[in-house]
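S.K.: Following this message is one structure expressed as C-alpha cells.
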Amino acid sequence: MVKFIFFDFGGCIDSGGVHTRTLFWNAFLAQKLVREEGRKEFQEAYTKADDQMMKTGIAKKMELRNFNRLNATLIAADLHLASPLTMEAADSVTTIMTKYLEKNALILERLAARMPLGIISNFTGNLEVILNEFDLRKYFHSVTESFYAGASKPDRKIFEAALATQHFLPNECIFIGDNPKNDIYPGLDMGMKCVLIHERGKKQDCGANAYVEDLGELEGLIQSI
C-alpha cells in the first residue's frame with residue numbers, strides 16, 4: 001500500500017512532463033535566437049549554465065522569474081548572443097511554469113490530504129524559495145535538493161537522503177519524475193514504485209510502474225500501482 005509520494009520538481013510539478021532544458025530550447029527557438037541545427041551547442045550551454053549556478057550558489061535567493069532570466073542570460077553569454085529577446089524567451093518559460101504550478105497546486109493539496117508528500121530534485125539552491133513563492137511548500141513533508149544534499153540524481157545518495165526524511169519502506173513510496181535516467185531507473189533500483197510523467201502523446205517505455213500525462217491522473221491510480 002502506498003504511504004508516501006515523492007516528486008521530481010522540474011519537468012514534473014512545473015510542466016507537463018517537459019524538461020526545463022526543452023522549455024528553454026523551445027523558447028529560444030521561438031524567438032529565433034537559435035536554429036534547429038544548433039541544438040547540440042544549446043544543450044552544452046544549458047549544462048554549463050546549470051553547473052555554474054550549482055557551483056556558485058548565485059541563484060540561491062531567486063524567485064522564478066529572475067531565476068529563469070539568469071539561466072537565459074548565462075546560456076546566451078555562452079552562445080555569444082546579445083539580444084533583448086533573451087529576456088522574452090526567459091519570461092515565456094516563466095509563463096508556462098506559472099500556469100502549471102498554479103494548476104498543480106490544487107492536485108498537491110488533495111494528495112497531501114491523503115498522505116505525506118516529498119520532493120527529490122536536482123536544483124540550484126532556490127527550490128524552497130520558489131515553493132514558498134507559489135505557496136506550495138506547505139504541502140511537502142520534505143524537500144531534498146541536490147544543492148544541499150551534496151549529490152545529484154541519479155546518484156543513489158540523494159534518494160537515500162530523501163528516504164531518510166520519513167519512516168516508510170521504499171516499496172511503500174512512489175516517485176514520480178519525467179526523466180527515465182535520473183528518476184525512474186534509480187528510483188526502481190532503490191525499491192520505490194515509479195511513475196513517469198511524459199509529454200502528451202510521447203510515452204517512452206522505461207519500465208516504470210505507471211505512466212501519466214498529467215499529475216491529476218495520480219489521484220485515481222495511486223493504490224493500484
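Naming scheme: A, B, ... for chains in displayed order of the C-alpha cells; residues 1 onward per chain; ligands 1 onward as shown.
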Sorted by chain and rising residue number, list the residues of stretch 79-185 of chain A at most 7 Å from stretch 6-14 of chain A (counting only C-alpha atoms), each with its closest atom pair and distance in Å to one decimal, as JSON lines.
M.R.:
```
{"residue": "A:Met97", "atom": "CA", "partner": "A:Asp14", "partner_atom": "CA", "distance": 4.9}
{"residue": "A:Tyr100", "atom": "CA", "partner": "A:Asp14", "partner_atom": "CA", "distance": 5.2}
{"residue": "A:Leu101", "atom": "CA", "partner": "A:Asp14", "partner_atom": "CA", "distance": 5.2}
{"residue": "A:Asn104", "atom": "CA", "partner": "A:Ile13", "partner_atom": "CA", "distance": 6.6}
{"residue": "A:Leu117", "atom": "CA", "partner": "A:Phe6", "partner_atom": "CA", "distance": 5.8}
{"residue": "A:Gly118", "atom": "CA", "partner": "A:Phe6", "partner_atom": "CA", "distance": 4.5}
{"residue": "A:Ile119", "atom": "CA", "partner": "A:Phe7", "partner_atom": "CA", "distance": 4.7}
{"residue": "A:Ile120", "atom": "CA", "partner": "A:Asp8", "partner_atom": "CA", "distance": 5.3}
{"residue": "A:Ser121", "atom": "CA", "partner": "A:Asp8", "partner_atom": "CA", "distance": 5.2}
{"residue": "A:Ile174", "atom": "CA", "partner": "A:Phe6", "partner_atom": "CA", "distance": 5.9}
{"residue": "A:Phe175", "atom": "CA", "partner": "A:Phe6", "partner_atom": "CA", "distance": 4.6}
{"residue": "A:Ile176", "atom": "CA", "partner": "A:Phe7", "partner_atom": "CA", "distance": 5.0}
{"residue": "A:Gly177", "atom": "CA", "partner": "A:Asp8", "partner_atom": "CA", "distance": 4.9}
{"residue": "A:Asp178", "atom": "CA", "partner": "A:Gly11", "partner_atom": "CA", "distance": 5.9}
```
S.K.: Just asking: which residues within chain A are strand (DSSP E or B) according to DSSP, as a PDB file with C-alpha atoms, in the first residue's frame?
M.R.:
```pdb
ATOM      1  CA  PHE A   4       4.311   8.380   0.743  1.00  0.00           C
ATOM      2  CA  ILE A   5       4.735  10.176  -2.610  1.00  0.00           C
ATOM      3  CA  PHE A   6       7.978  11.737  -3.787  1.00  0.00           C
ATOM      4  CA  PHE A   7       8.015  14.143  -6.735  1.00  0.00           C
ATOM      5  CA  LEU A 117       4.500  14.225   0.061  1.00  0.00           C
ATOM      6  CA  GLY A 118       8.166  14.951  -0.609  1.00  0.00           C
ATOM      7  CA  ILE A 119      10.434  16.281  -3.334  1.00  0.00           C
ATOM      8  CA  ILE A 120      13.695  14.854  -4.713  1.00  0.00           C
ATOM      9  CA  SER A 121      15.163  17.352  -7.153  1.00  0.00           C
ATOM     10  CA  SER A 142      10.353  17.104   2.990  1.00  0.00           C
ATOM     11  CA  VAL A 143      12.342  18.767   0.200  1.00  0.00           C
ATOM     12  CA  THR A 144      15.588  17.029  -0.760  1.00  0.00           C
ATOM     13  CA  GLU A 145      17.512  19.293  -3.123  1.00  0.00           C
ATOM     14  CA  CYS A 173       6.765   5.037  -1.588  1.00  0.00           C
ATOM     15  CA  ILE A 174       6.060   6.300  -5.093  1.00  0.00           C
ATOM     16  CA  PHE A 175       8.450   8.525  -7.008  1.00  0.00           C
ATOM     17  CA  ILE A 176       7.152  10.468  -9.985  1.00  0.00           C
ATOM     18  CA  GLY A 177       9.503  12.139 -12.449  1.00  0.00           C
ATOM     19  CA  LYS A 193       7.390   2.337  -7.215  1.00  0.00           C
ATOM     20  CA  CYS A 194       7.943   4.798 -10.051  1.00  0.00           C
ATOM     21  CA  VAL A 195       5.680   6.806 -12.323  1.00  0.00           C
ATOM     22  CA  LEU A 196       6.903   8.556 -15.469  1.00  0.00           C
ATOM     23  CA  ILE A 197       5.156  11.800 -16.360  1.00  0.00           C
ATOM     24  CA  ALA A 210       2.794   3.593 -14.448  1.00  0.00           C
ATOM     25  CA  TYR A 211       2.754   6.421 -16.990  1.00  0.00           C
ATOM     26  CA  VAL A 212       0.801   9.682 -16.806  1.00  0.00           C
TER      27      VAL A 212
END
```
S.K.: Run DSSP on the backbone and grab whatever in stretch 137-200 of chain A lands in alpha helix (DSSP H); send it over as number ranges by chain.
M.R.: A: 146-149, 156-163, 185-189
S.K.: Deliver the residues from the most recent selection as a file, using C-alpha atoms, as a short mmCIF file (atom, residue, chain, number, x, y, z; two decimals), in the first residue's frame.
M.R.:
```cif
data_model
loop_
_atom_site.label_atom_id
_atom_site.label_comp_id
_atom_site.auth_asym_id
_atom_site.auth_seq_id
_atom_site.Cartn_x
_atom_site.Cartn_y
_atom_site.Cartn_z
CA SER A 146 20.82 18.33 -4.74
CA PHE A 147 22.44 21.69 -3.93
CA TYR A 148 22.15 20.94 -0.22
CA ALA A 149 22.19 17.13 -0.32
CA ARG A 156 21.54 6.93 -5.01
CA LYS A 157 22.85 9.15 -2.18
CA ILE A 158 20.19 11.79 -2.85
CA PHE A 159 17.48 9.10 -2.81
CA GLU A 160 18.85 7.71 0.45
CA ALA A 161 18.79 11.21 1.95
CA ALA A 162 15.18 11.66 0.86
CA LEU A 163 14.06 8.29 2.17
CA TYR A 185 15.87 3.84 -13.10
CA PRO A 186 17.42 4.91 -9.77
CA GLY A 187 14.01 5.05 -8.10
CA LEU A 188 13.27 1.47 -9.11
CA ASP A 189 16.77 0.45 -8.02
#
```
S.K.: Pick from A:Met115, A:Met62, A:Ala72, A:Ile96: nearest to A:Ser15, with only C-alpha atoms counted?
M.R.: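 Closest to A:Ser15, using only C-alpha atoms: A:Ile96.
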S.K.: Hey, which of A:Ala59, A:Ala164, A:Val93, A:Ile75 ends up closest to A:Val129? Count only C-alpha atoms.
M.R.: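 Closest candidate: A:Ala59.
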S.K.: Leaving out A:Leu85 and any residue of its chain fewer than 3 positions from it, which residues lie within 8 Å of it when counting only C-alpha atoms, given as a list in words?
M.R.: Gln31, Leu33, Glu88 and Ala89 of chain A
S.K.: Which is closest to A:Asn179 among A:Ala208, A:Arg110, A:His167, A:Phe24, if we use only C-alpha atoms?
M.R.: A:Ala208
S.K.: Taking only C-alpha atoms into account, which of A:Lys60, A:Lys55, A:Thr47, A:Pro180 comes nearest A:Leu74?
M.R.: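 That would be A:Thr47, the residue with the smallest distance to A:Leu74.
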S.K.: Let me make sure I understand: among A:Ala77, A:Ala82, A:Leu106, A:Leu127, which one has the smallest atom-to-atom distance to A:Glu63 if we use only C-alpha atoms?
M.R.: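 For A:Glu63, the nearest of the given residues is A:Leu127.
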S.K.: Quick check, in Å to one decimal: how far apart do atom CA of A:Met190 and atom CA of A:Asn171 lie?
M.R.: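 Computing it gives 8.6 Å between the two atoms.
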S.K.: May I have the residues within 8 Å of A:Glu199 as a list in words, using only C-alpha atoms and disregarding those fewer than 6 positions away in the same chain?
M.R.: Gly16, Gly17, Val18 and Glu213 of chain A
